[in-house]
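Asker: Sharing a structure below in structure tokens format, with a few things to ask.
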Amino acid sequence: MGRDEEEFTLESILAEYKGSSYIDGDKKTPKDVLDEKARRIVLEESGGADSLPPETPPAAPASAWPAEYPEPKPELAPAKPVQKLPMQKLPAPEASELPETPPEIEPRVRPIETFEAEDRDLEFFENYKYSSEEPDDEIIRSVTEAIESAADETRSEPRRGIFFPRSARQPEPFTEPEPEKRLPEPDYRERARYYAARCNSLSGRSVLALVLAIAITVLTFVFEGGGKMPFGIGRNAVYARGALLIAQLAVMLLGVDILIRGARELFTGKASAESLVFISCSVSVLAGIYGLSSGGNALPYSAAAALSLTFAIWGERLYTHSLADTLRTAATVKDPYSVVSERRSDLDRTVLRKAMGRQRGFDDNLSERDVCETAYSYASPILMIFCAVISLYAAVAHKSLEYVPAMLSATAAASAAFTATTAFAMPFRSAVRRAKRRNTAIAGAGGAEDVFYIDGCCVGDDDVYPPDTLDLGGLRILEQVSPEKAIRYTASLIVASGSCLARKFTEILVKEGMSLITTQDFAVSEGGVSGVIRGENVLTGNYAFMNLHGIRVPDELKLSNSIYTAVDKRLIAMFSVDYRPSGAVRNALLSVLRHTSRLFLTVRDFNITPMTIEQKFKIPMEDFELLPIRSAYELGDSVGESGSRAAAICARGGLPELSGLIAAARAMKIVSLIMTANSIASAAVGVLLMSIRVWSGGAAAARPGTLVLFMLTSVVLTALLELFSALRVKS
């Protein structure tokens, strides 16, 4: 093989690439050592020593060709095919292993940039070293970069620590699965009118039912106390039973829709609290009719059954009234945003965040079963089975069928607690009233559930520093550029970032008659943003961001509340920002922290950090978590449809409105849980007490008036709990 043929082998081409590109960036390793290492890599990747002629001398660059050998002419050199290296054998290193701008490849991309700096700055850059691998790893990396560049392959993943917004990224090869399709949201105003009409119907009926129920209760107490009943009844037990049954039937007619729903749910195997009311009223009437024919002085349990149905009507009225107010507020609020609870796999947490507009899923959350319905779906069958079994067992044990109607009517009346249908309706009504004052609509039980089970709340720029708490101070020009260029370049990047300073810079542009400039290759990273404006590389960020990119900031200009702008590695301007903490925001932050474990900072202003919040608002830094830049931008992006259901719809407001919403939703959830537990416990204890009384003394021992007094204790406890909750919220 001739000398001319040896010079154009694959090894010589790579060696020439190393001699002209790699050596320019490495002044420490001798050239012959690098050539030998390049030769070894080529041998290993091309199949070993057998694939190339033995003892092939390393090729030298054209500039160092020996004088005794004539330089080969391209037209005389034989055209020998060049074998490409297999890409699978040289995997590209991870993005985290590459420096942000590798010095070896940089001369091939663009000319080396120079800096005009003082001697001590030059000394800093000379001593600065990138974290890199061993020389062998660097050679492999540079060879791989050259092959990828020749094949016009680009990396699909961004560099570590840098996030490219959705508008600036290339389409990804894999798309995430589409979210589950939901039915279109109904017309909130139409739904509100429907519930308002039903509420009006229930309002009149609940008043009449309450009057009749009170009359039945008073007559029962009079008769059991030994007094004479009015209307000519006197002490006649038959007349007394008849009068009570007639009044009870009138109450049942007023609440016939409640009874029909309870019967339907019972016969379809979905027993509920209304099913217990239906059983109580039905058994009471049947037992009363049986008592008329059998004689005796025992009164039917009409008072307990009538009061249970009256409270059921009143609870339905409260619930429909709350739904009407919620839907009306959700439909009429101006400039709304939705509050959604989102599970983040990258954070392994569930966070509460804002989403612009009225998001879908609000009506789905509003239609979710509340905790009282869920609890009674399990408790109702158990209570009804117990009532039937204990009645049959008492008849068998006492060998008398008289115990069946007595035991069944007494236990059935006790099972329909007065607070069974109001355990959720009352806290829901209170939460709706508090939310309505803040122009907020909570999506019922589902919305409260979403707000309750969260790991933290996202807090953005405008939440911490509303527009009226920010001011731009002076502008200082540090290079020979016009103030217009410094302002427009900085404003273009700030507005593209979407931080809380965007509005201030927009006001300056409008005031000065300027406009924004199109920004290309916009990207954000920790501490700043970057982009290409009119062919110039522009950086805007804080002092640490400038220092990271090797841009010198004079010592007298190193301020924590300033933003800096650099063009092509030259610092051109500095803007000072006045951040004024607000007392209302501090109280809102403390209120949110009382109900959540963490506050996640989704801020885009690079000067807002947990440390600055601790200094300004006197809140421990440990309560805040600064999210990675990618998660912060994704969670802080309120534009577009969210994949989660809306837990609430609010007017355009800040953190105080959001904190009030969280407090109201959590209070509704907690109070309804306590009231539901109290209601079920009251029903269970009442059934046990009445079964014991009937077992020991028969029908005469279990007096209806005593049962009513016992069942009213749960109502008193519920009222006290609701009053305590209201006072706690006000304080």
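In the structure tokens, each chain is lettered A, B, ... as it comes, each chain's residues begin at 1, and ligands are numbered from 1 in order of appearance.
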Write out as a tab-separated table a residue-level contact list of segment 307-351 of chain A versus segment 622-638 of chain A with cut-off 12 Å: for each qualifying residue the closest pair of atoms and the distance in Å to one decimal, counting only C-alpha atoms, rows sorted by chain and residue number upward.
Answerer:
```
residue	atom	partner	partner_atom	distance
A:Pro336	CA	A:Ser638	CA	11.6
A:Tyr337	CA	A:Ser638	CA	8.5
A:Ser338	CA	A:Ser638	CA	9.1
A:Val339	CA	A:Ser638	CA	10.1
A:Val340	CA	A:Ser638	CA	10.5
A:Ser341	CA	A:Leu635	CA	11.0
A:Glu342	CA	A:Leu635	CA	9.2
A:Arg343	CA	A:Leu635	CA	10.9
A:Arg344	CA	A:Ser631	CA	9.0
A:Ser345	CA	A:Ser631	CA	10.5
A:Asp346	CA	A:Ser631	CA	7.9
A:Leu347	CA	A:Ser631	CA	8.4
A:Asp348	CA	A:Ser631	CA	11.9
A:Arg349	CA	A:Leu627	CA	11.9
A:Thr350	CA	A:Leu635	CA	11.6
A:Val351	CA	A:Leu635	CA	9.0
```
Asker: Within 9 Å of Val371 of chain A, counting only C-alpha atoms, which residues qualify if same-chain residues fewer than 2 places away don't, as a PyMOL selection string?
Answerer: chain A and resi 369+373-376+423-424+445+669+672-673+676
Asker: Using N, CA and C atoms, can you write the selected residues to a file as an mmCIF file, in the first residue's frame?
Answerer:
```cif
data_model
loop_
_atom_site.group_PDB
_atom_site.id
_atom_site.type_symbol
_atom_site.label_atom_id
_atom_site.label_comp_id
_atom_site.auth_asym_id
_atom_site.auth_seq_id
_atom_site.Cartn_x
_atom_site.Cartn_y
_atom_site.Cartn_z
ATOM 1 N N ARG A 369 -71.350 11.963 45.706
ATOM 2 C CA ARG A 369 -72.007 11.596 46.957
ATOM 3 C C ARG A 369 -71.212 12.167 48.121
ATOM 4 N N GLU A 373 -74.155 10.516 52.797
ATOM 5 C CA GLU A 373 -74.775 9.520 51.924
ATOM 6 C C GLU A 373 -73.968 8.229 51.899
ATOM 7 N N THR A 374 -72.650 8.369 51.814
ATOM 8 C CA THR A 374 -71.806 7.177 51.776
ATOM 9 C C THR A 374 -71.908 6.382 53.075
ATOM 10 N N ALA A 375 -71.882 7.083 54.203
ATOM 11 C CA ALA A 375 -71.944 6.387 55.495
ATOM 12 C C ALA A 375 -73.282 5.683 55.680
ATOM 13 N N TYR A 376 -74.364 6.361 55.320
ATOM 14 C CA TYR A 376 -75.680 5.750 55.508
ATOM 15 C C TYR A 376 -75.966 4.646 54.491
ATOM 16 N N ALA A 423 -76.756 16.273 58.154
ATOM 17 C CA ALA A 423 -75.357 16.189 58.591
ATOM 18 C C ALA A 423 -74.404 16.783 57.566
ATOM 19 N N PHE A 424 -74.761 16.730 56.284
ATOM 20 C CA PHE A 424 -73.945 17.386 55.256
ATOM 21 C C PHE A 424 -74.569 18.692 54.783
ATOM 22 N N ALA A 445 -69.524 18.289 47.635
ATOM 23 C CA ALA A 445 -68.752 17.281 48.365
ATOM 24 C C ALA A 445 -67.487 16.892 47.610
ATOM 25 N N LYS A 669 -65.786 19.805 55.119
ATOM 26 C CA LYS A 669 -65.440 18.380 55.162
ATOM 27 C C LYS A 669 -65.354 17.871 56.597
ATOM 28 N N SER A 672 -68.876 18.047 58.500
ATOM 29 C CA SER A 672 -69.799 17.015 58.001
ATOM 30 C C SER A 672 -69.386 15.627 58.469
ATOM 31 N N LEU A 673 -68.101 15.367 58.578
ATOM 32 C CA LEU A 673 -67.645 14.082 59.112
ATOM 33 C C LEU A 673 -68.100 13.902 60.567
ATOM 34 N N THR A 676 -71.924 13.496 60.724
ATOM 35 C CA THR A 676 -72.334 12.176 60.253
ATOM 36 C C THR A 676 -72.072 11.112 61.313
#
```
Asker: Find the spatial neighbours of Asn587 of chain A, counting only C-alpha atoms, within a cut-off of 10 Å - ignore same-chain residues fewer than 3 positions away - and output them as a ChimeraX atom specification.
Answerer: /A:582-584,590-593,617,655-656,659
Asker: Just to be explicit: take each residue in the selection above, keep C-alpha atoms, and write the result as a compact mmCIF listing (two decimals), in the first residue's frame.
Answerer:
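And here's out-v4.txt as it stands now:
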```txt
# COMPACT_ATOMS: atom_id res chain seq x y z
CA SER A 582 -48.37 42.91 52.13
CA GLY A 583 -49.94 42.16 55.49
CA ALA A 584 -52.98 40.59 53.83
CA LEU A 590 -50.33 31.63 57.35
CA SER A 591 -53.95 30.63 56.80
CA VAL A 592 -53.02 28.28 53.97
CA LEU A 593 -50.22 26.79 56.06
CA PHE A 617 -42.89 37.99 55.40
CA LEU A 655 -54.06 34.52 47.84
CA PRO A 656 -56.56 35.86 50.44
CA SER A 659 -57.03 30.86 51.50
```
Asker: Find the residues near Ile670 of chain A: any atom within 12 Å, counting only C-alpha atoms, skip ones fewer than 5 places away on the same chain, and give them as a PyMOL selection string.
Answerer: chain A and resi 370-372+423-424+427-428+431+445+448-449+451-453+595+663-665+675-677+721-722+725
Asker: Please indicate the distance in Å from atom CA of Ala443 of chain A to atom CA of Arg193 of chain A, rounded to one decimal place.
Answerer: 17.0 Å
Asker: Pick out the residues sitting within 10 Å of segment 400-406 of chain A, and hand them over as a PyMOL selection string; count only C-alpha atoms, and ignore anything fewer than 6 positions along from it in its own chain.
Answerer: chain A and resi 283-284+286-288+290-291+294+298+300-301+387-394+690-691+694-695+698-700+702
Asker: Using only C-alpha atoms, please write the residues we just selected to a file, as a PDB file, in the first residue's frame.
Answerer:
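That gives us result15.pdb:
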```pdb
ATOM      1  CA  VAL A 283     -94.157   1.069  60.357  1.00  0.00           C
ATOM      2  CA  SER A 284     -95.493   3.804  62.654  1.00  0.00           C
ATOM      3  CA  LEU A 286     -99.128   0.247  60.468  1.00  0.00           C
ATOM      4  CA  ALA A 287     -98.424  -0.174  64.188  1.00  0.00           C
ATOM      5  CA  GLY A 288    -100.900   2.610  64.987  1.00  0.00           C
ATOM      6  CA  TYR A 290    -102.872  -2.349  64.629  1.00  0.00           C
ATOM      7  CA  GLY A 291    -103.145  -0.586  68.024  1.00  0.00           C
ATOM      8  CA  SER A 294    -106.084  -4.377  69.629  1.00  0.00           C
ATOM      9  CA  ALA A 298     -99.732   2.865  74.090  1.00  0.00           C
ATOM     10  CA  PRO A 300     -97.925   5.252  68.092  1.00  0.00           C
ATOM     11  CA  TYR A 301     -94.497   6.738  67.324  1.00  0.00           C
ATOM     12  CA  CYS A 387     -84.665  -3.970  63.739  1.00  0.00           C
ATOM     13  CA  ALA A 388     -86.272  -6.910  61.910  1.00  0.00           C
ATOM     14  CA  VAL A 389     -84.164  -9.570  63.636  1.00  0.00           C
ATOM     15  CA  ILE A 390     -84.600  -8.203  67.161  1.00  0.00           C
ATOM     16  CA  SER A 391     -88.365  -7.919  66.636  1.00  0.00           C
ATOM     17  CA  LEU A 392     -88.680 -11.547  65.539  1.00  0.00           C
ATOM     18  CA  TYR A 393     -86.347 -12.711  68.275  1.00  0.00           C
ATOM     19  CA  ALA A 394     -88.360 -10.840  70.945  1.00  0.00           C
ATOM     20  CA  MET A 690     -85.497   1.084  72.547  1.00  0.00           C
ATOM     21  CA  SER A 691     -84.928  -2.625  71.992  1.00  0.00           C
ATOM     22  CA  VAL A 694     -89.391  -3.046  74.788  1.00  0.00           C
ATOM     23  CA  TRP A 695     -87.688  -6.328  75.637  1.00  0.00           C
ATOM     24  CA  GLY A 698     -93.276  -4.347  76.390  1.00  0.00           C
ATOM     25  CA  ALA A 699     -94.889  -1.610  74.313  1.00  0.00           C
ATOM     26  CA  ALA A 700     -95.922   0.457  77.331  1.00  0.00           C
ATOM     27  CA  ALA A 702     -90.951   2.436  75.416  1.00  0.00           C
TER      28      ALA A 702
END
```
Asker: Using DSSP on the backbone coordinates, identify all residues within segment 583-681 of chain A classified as strand (DSSP E); present the result as number ranges by chain.
Answerer: A: 598-601, 624-626, 646-650
Asker: Would you save the residues of that selection, restricted to N, CA and C atoms, as a compact mmCIF listing (two decimals), in the first residue's frame?
Answerer:
```txt
# COMPACT_ATOMS: atom_id res chain seq x y z
N ARG A 598 -47.48 22.12 53.04
CA ARG A 598 -46.42 22.81 52.33
C ARG A 598 -47.01 23.87 51.41
N LEU A 599 -46.15 24.79 51.02
CA LEU A 599 -46.46 25.76 49.97
C LEU A 599 -45.44 25.56 48.86
N PHE A 600 -45.92 25.26 47.66
CA PHE A 600 -45.04 25.02 46.52
C PHE A 600 -44.93 26.30 45.71
N LEU A 601 -43.72 26.80 45.58
CA LEU A 601 -43.49 28.04 44.86
C LEU A 601 -43.41 27.75 43.36
N PHE A 624 -41.79 26.37 52.77
CA PHE A 624 -41.87 26.58 51.32
C PHE A 624 -40.97 25.56 50.62
N GLU A 625 -41.39 25.22 49.43
CA GLU A 625 -40.60 24.32 48.60
C GLU A 625 -40.51 24.92 47.20
N LEU A 626 -39.29 25.19 46.76
CA LEU A 626 -39.07 25.74 45.43
C LEU A 626 -38.98 24.59 44.45
N ALA A 646 -62.57 20.50 38.30
CA ALA A 646 -62.54 21.76 39.04
C ALA A 646 -63.15 21.56 40.42
N ALA A 647 -62.40 21.91 41.45
CA ALA A 647 -62.91 21.84 42.82
C ALA A 647 -63.66 23.09 43.21
N ALA A 648 -63.38 24.20 42.55
CA ALA A 648 -64.05 25.45 42.85
C ALA A 648 -63.86 26.39 41.69
N ILE A 649 -64.72 27.39 41.59
CA ILE A 649 -64.60 28.46 40.60
C ILE A 649 -64.60 29.77 41.36
N CYS A 650 -63.58 30.59 41.10
CA CYS A 650 -63.39 31.82 41.86
C CYS A 650 -63.28 33.00 40.92
```
Asker: From the list A:Ala303, A:Ile487, A:Ala330, A:Leu509, which residue is nearest Leu475 of chain A when using only C-alpha atoms?
Answerer: A:Ile487
Asker: Given the choices A:Ser515, A:Asn297, A:Ser409, A:Ser377, which gets closest to Gly269 of chain A if the distance is worked out from only C-alpha atoms?
Answerer: A:Ser377
Asker: Could you pull the residues within 12 Å of segment 466-469 of chain A, counting only C-alpha atoms, minus those fewer than 4 positions along the same chain, as a PyMOL selection string?
Answerer: chain A and resi 459-462+499-505+507+577-585+652-656
Asker: Which residues are close to segment 260-265 of chain A, i.e. within 8 Å by only C-alpha atoms, leaving aside same-chain residues fewer than 3 positions away? Reply as a VMD selection string.
Answerer: chain A and resid 256 to 257 268 to 278
Asker: Next, write the just-selected residues to a file, as a PDB file, in the first residue's frame, keeping C-alpha atoms as the atom set.
Answerer:
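Written out: result_16.pdb:
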```pdb
ATOM      1  CA  VAL A 256     -94.229  12.393  49.682  1.00  0.00           C
ATOM      2  CA  ASP A 257     -91.309  12.968  47.265  1.00  0.00           C
ATOM      3  CA  THR A 268     -83.394  -1.201  44.379  1.00  0.00           C
ATOM      4  CA  GLY A 269     -80.913  -2.328  47.016  1.00  0.00           C
ATOM      5  CA  LYS A 270     -79.431   1.123  47.622  1.00  0.00           C
ATOM      6  CA  ALA A 271     -80.765   1.921  51.074  1.00  0.00           C
ATOM      7  CA  SER A 272     -80.125   5.451  52.358  1.00  0.00           C
ATOM      8  CA  ALA A 273     -81.149   7.809  55.128  1.00  0.00           C
ATOM      9  CA  GLU A 274     -84.402   8.529  53.264  1.00  0.00           C
ATOM     10  CA  SER A 275     -85.079   4.771  53.291  1.00  0.00           C
ATOM     11  CA  LEU A 276     -84.918   4.796  57.096  1.00  0.00           C
ATOM     12  CA  VAL A 277     -87.409   7.697  57.162  1.00  0.00           C
ATOM     13  CA  PHE A 278     -89.728   5.754  54.859  1.00  0.00           C
TER      14      PHE A 278
END
```
Asker: Go ahead and compute the interatomic distance for atom CA of Arg594 of chain A and atom CA of Leu661 of chain A, in Å to one decimal.
Answerer: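 It comes out at 13.1 Å.
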